[in-house]
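Taking it in order: structure first as structure tokens, then the write-up.
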Amino acid sequence: MVIEDNTDVRNYIVSHLQERYTVYEADNGEEGLSKAFNQMPDLIISDLMMPKMDGMEVCVKIKQDIRTSHIPVIMLTARGMTADIKEGYEAGADDYITKPFHSSLLLARIENIPQSRENLKKLYGKNFSLETLGVEATSMEEKFMQKLYDILESNISNPELSIDKFCREVGMSRTNLYRKIKSITGLSPNEFIRNFRLTMGAKMLKEVRLSVSEVYVAVGFSSHAYFSNCFKAYYGVSPTEYTMHGK
């Protein structure tokens, strides 16, 4: 999404992006924020100085809303003062580009953003507690993930935990929850829940030394066979082999 009140600048940016990306446009901060909540873009490019709502306020609102806090924001500004750039980063901006700029610079910055998001997916897609990661929950993403972990832990033995119930517990719609979890972890909500259960099951097999029959019930699987099949697909070995080899 490109939020820019200068028509010429906005058209310049869009013309260089639309061959590679689906691009949404807004000519002021207020409209941009509204469209961001509706469209849930993968990236926001926002001017700093705009009518109705400036880019700084847009960035703060994006980063403080649980639905959109994961969306990277690149801030554009004609002001190159260190204090202004520092203020932008403090507002949560992921990158800063000073006008005038060449399209190649913008494209390079855009292409660099997904790599950092992929690193985040690798981190959260395979680890299921911030304590395990040695991370203190400070950012919106970390707090969101910790909320997911807490909800799943409290429902770990409940095989009836549906996506609708999960959405109600989290306080988000199915669409927004799907986009949020997919963006952060690379997993769908169903995959995320299943992998969490498998991870907890592996811990029980290894640390608590419960039998496979006890574990599959404890982590909310409906059958021994389904648990074993999912476990082998995830870990590469059966639950029994995992226990025997102490992996």
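By order in the structure tokens, chains are A, B, ...; within a chain, residues start at 1; ligands start at 1, following the order shown.
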Can you pull out every residue within 9 Å of Pro239 (chain A), counting only C-alpha atoms, but drop anything in the same chain fewer than 6 positions away, and send it as a compact mmCIF listing (two decimals) with N, CA and C atoms, in the first residue's frame?
# COMPACT_ATOMS: atom_id res chain seq x y z
N GLY A 201 3.74 -32.56 22.77
CA GLY A 201 3.76 -34.02 22.88
C GLY A 201 5.19 -34.56 22.94
N ALA A 202 6.06 -33.99 22.13
CA ALA A 202 7.46 -34.41 22.13
C ALA A 202 8.11 -34.12 23.47
N LEU A 205 6.96 -36.76 25.91
CA LEU A 205 7.61 -38.04 25.67
C LEU A 205 9.04 -38.05 26.19
N VAL A 212 2.97 -43.22 24.76
CA VAL A 212 2.38 -42.57 23.57
C VAL A 212 0.87 -42.45 23.72
N PHE A 227 -2.21 -39.09 15.70
CA PHE A 227 -1.08 -38.48 16.40
C PHE A 227 0.25 -39.03 15.86
N SER A 228 0.33 -40.34 15.72
CA SER A 228 1.56 -40.98 15.25
C SER A 228 1.92 -40.54 13.83
N PHE A 231 3.02 -36.88 13.96
CA PHE A 231 4.30 -36.80 14.65
C PHE A 231 5.44 -37.22 13.71
N LYS A 232 5.24 -38.32 12.98
CA LYS A 232 6.28 -38.79 12.07
C LYS A 232 6.51 -37.81 10.93
- Message: If we count only C-alpha atoms and set the cut-off at 10 Å, which residues sit around Val215 (chain A), ignoring sequence neighbours fewer than 5 positions away in its own chain? Please answer as a ChimeraX atom specification.
- Response: /A:157,197-198,200-205,208-210,220-221,224,227,239
Got time to write the residues from that selection, all heavy atoms, as a compact mmCIF listing (two decimals), in the first residue's frame?
# COMPACT_ATOMS: atom_id res chain seq x y z
N SER A 157 -5.23 -30.09 25.97
CA SER A 157 -5.83 -31.43 25.97
C SER A 157 -7.21 -31.46 25.34
O SER A 157 -7.86 -32.51 25.31
CB SER A 157 -5.89 -31.98 27.40
OG SER A 157 -6.73 -31.16 28.19
N ARG A 197 0.76 -28.64 19.38
CA ARG A 197 0.41 -29.87 20.09
C ARG A 197 1.52 -30.92 19.94
O ARG A 197 1.87 -31.61 20.91
CB ARG A 197 -0.91 -30.44 19.54
CG ARG A 197 -2.16 -29.58 19.82
CD ARG A 197 -3.39 -30.32 19.34
NE ARG A 197 -4.61 -29.53 19.36
CZ ARG A 197 -5.36 -29.30 20.44
NH1 ARG A 197 -4.98 -29.79 21.61
NH2 ARG A 197 -6.47 -28.59 20.36
N LEU A 198 2.07 -31.03 18.75
CA LEU A 198 3.14 -32.00 18.51
C LEU A 198 4.39 -31.66 19.32
O LEU A 198 5.06 -32.54 19.87
CB LEU A 198 3.49 -32.06 17.02
CG LEU A 198 2.42 -32.68 16.11
CD1 LEU A 198 2.79 -32.46 14.65
CD2 LEU A 198 2.25 -34.17 16.41
N MET A 200 4.48 -29.98 22.16
CA MET A 200 4.22 -30.31 23.55
C MET A 200 4.24 -31.82 23.78
O MET A 200 4.71 -32.30 24.81
CB MET A 200 2.85 -29.73 23.97
CG MET A 200 2.78 -28.21 23.98
SD MET A 200 3.99 -27.43 25.10
CE MET A 200 5.21 -26.85 23.92
N GLY A 201 3.74 -32.56 22.77
CA GLY A 201 3.76 -34.02 22.88
C GLY A 201 5.19 -34.56 22.94
O GLY A 201 5.50 -35.45 23.73
N ALA A 202 6.06 -33.99 22.13
CA ALA A 202 7.46 -34.41 22.13
C ALA A 202 8.11 -34.12 23.47
O ALA A 202 8.91 -34.92 23.98
CB ALA A 202 8.21 -33.70 21.00
N LYS A 203 7.79 -32.97 24.06
CA LYS A 203 8.34 -32.64 25.38
C LYS A 203 7.88 -33.63 26.43
O LYS A 203 8.66 -34.05 27.30
CB LYS A 203 7.92 -31.22 25.77
CG LYS A 203 8.62 -30.12 25.01
CD LYS A 203 8.27 -28.75 25.53
CE LYS A 203 8.85 -28.52 26.92
NZ LYS A 203 8.64 -27.14 27.40
N MET A 204 6.60 -34.03 26.35
CA MET A 204 6.08 -34.99 27.32
C MET A 204 6.75 -36.35 27.16
O MET A 204 7.08 -37.02 28.14
CB MET A 204 4.57 -35.13 27.15
CG MET A 204 3.79 -33.91 27.59
SD MET A 204 2.01 -34.14 27.36
CE MET A 204 1.40 -32.51 27.80
N LEU A 205 6.96 -36.76 25.91
CA LEU A 205 7.61 -38.04 25.67
C LEU A 205 9.04 -38.05 26.19
O LEU A 205 9.52 -39.04 26.74
CB LEU A 205 7.62 -38.35 24.16
CG LEU A 205 6.28 -38.71 23.52
CD1 LEU A 205 6.42 -38.75 22.00
CD2 LEU A 205 5.77 -40.06 24.04
N VAL A 208 8.72 -36.06 30.51
CA VAL A 208 7.81 -36.63 31.52
C VAL A 208 7.76 -38.15 31.43
O VAL A 208 7.35 -38.83 32.36
CB VAL A 208 6.39 -36.03 31.36
CG1 VAL A 208 5.49 -36.48 32.51
CG2 VAL A 208 6.45 -34.51 31.29
N ARG A 209 8.20 -38.67 30.28
CA ARG A 209 8.25 -40.12 30.06
C ARG A 209 6.87 -40.78 30.12
O ARG A 209 6.71 -41.88 30.66
CB ARG A 209 9.18 -40.80 31.09
CG ARG A 209 10.61 -40.31 31.05
CD ARG A 209 11.30 -40.66 29.75
NE ARG A 209 12.69 -40.25 29.74
CZ ARG A 209 13.51 -40.42 28.70
NH1 ARG A 209 13.06 -40.99 27.60
NH2 ARG A 209 14.75 -40.01 28.77
N LEU A 210 5.86 -40.07 29.56
CA LEU A 210 4.54 -40.68 29.46
C LEU A 210 4.53 -41.62 28.26
O LEU A 210 5.35 -41.52 27.36
CB LEU A 210 3.47 -39.60 29.27
CG LEU A 210 3.27 -38.59 30.40
CD1 LEU A 210 2.23 -37.56 30.00
CD2 LEU A 210 2.85 -39.30 31.68
N GLY A 220 -4.39 -33.44 23.03
CA GLY A 220 -5.62 -33.12 22.31
C GLY A 220 -5.81 -33.78 20.96
O GLY A 220 -6.61 -33.30 20.15
N PHE A 221 -5.10 -34.88 20.68
CA PHE A 221 -5.35 -35.61 19.43
C PHE A 221 -6.48 -36.60 19.65
O PHE A 221 -6.63 -37.16 20.74
CB PHE A 221 -4.08 -36.33 18.96
CG PHE A 221 -3.15 -35.44 18.18
CD1 PHE A 221 -2.27 -34.59 18.85
CD2 PHE A 221 -3.17 -35.42 16.79
CE1 PHE A 221 -1.41 -33.76 18.14
CE2 PHE A 221 -2.32 -34.59 16.08
CZ PHE A 221 -1.43 -33.75 16.75
N HIS A 224 -4.75 -42.35 18.41
CA HIS A 224 -3.35 -42.76 18.47
C HIS A 224 -2.74 -42.71 17.06
O HIS A 224 -1.62 -42.20 16.86
CB HIS A 224 -3.27 -44.17 19.05
CG HIS A 224 -1.88 -44.64 19.35
ND1 HIS A 224 -0.90 -44.77 18.37
CD2 HIS A 224 -1.29 -45.03 20.52
CE1 HIS A 224 0.22 -45.20 18.93
NE2 HIS A 224 0.02 -45.37 20.24
N PHE A 227 -2.21 -39.09 15.70
CA PHE A 227 -1.08 -38.48 16.40
C PHE A 227 0.25 -39.03 15.86
O PHE A 227 1.18 -38.27 15.57
CB PHE A 227 -1.18 -38.74 17.90
CG PHE A 227 0.03 -38.29 18.68
CD1 PHE A 227 0.33 -36.95 18.84
CD2 PHE A 227 0.88 -39.23 19.26
CE1 PHE A 227 1.44 -36.54 19.56
CE2 PHE A 227 2.00 -38.84 19.99
CZ PHE A 227 2.28 -37.48 20.13
N PRO A 239 6.52 -41.60 17.30
CA PRO A 239 6.64 -41.25 18.72
C PRO A 239 7.45 -42.29 19.51
O PRO A 239 8.25 -41.94 20.37
CB PRO A 239 5.19 -41.19 19.20
CG PRO A 239 4.40 -40.89 17.98
CD PRO A 239 5.11 -41.57 16.87
Find the residue from A:Leu152, A:Ile44, A:Leu17, A:Ala108 that sits nearest to Phe196 (chain A); use only C-alpha atoms when measuring.
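Using only C-alpha atoms, Phe196 (chain A) sits closest to A:Leu152.
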**Contact residues around Ala36 (chain A) with only C-alpha atoms at 12 Å, ignoring same-chain residues under 6 positions, as a list in words** =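 Surrounding residues, per the criterion: Met1, Val2, Ile3, Val23, Tyr24, Glu25, Ala26, Gly29, Glu30, Asp42, Leu43, Ile44, Ile45, Ser46, Val58, Cys59, Lys61, Ile62, Lys63, Asp65, Arg67, Thr68, Ser69, Ile71, Pro72, Val73 and Asn176 of chain A.
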With distances taken over only C-alpha atoms, the candidate from A:Ile110, A:Tyr242, A:Phe166, A:Met172 nearest Asn190 (chain A) is A:Phe166
Restricting to only C-alpha atoms, whichever of A:Glu207, A:Asn28, A:Lys147, A:Ser154 is closest to Val170 (chain A) is A:Lys147
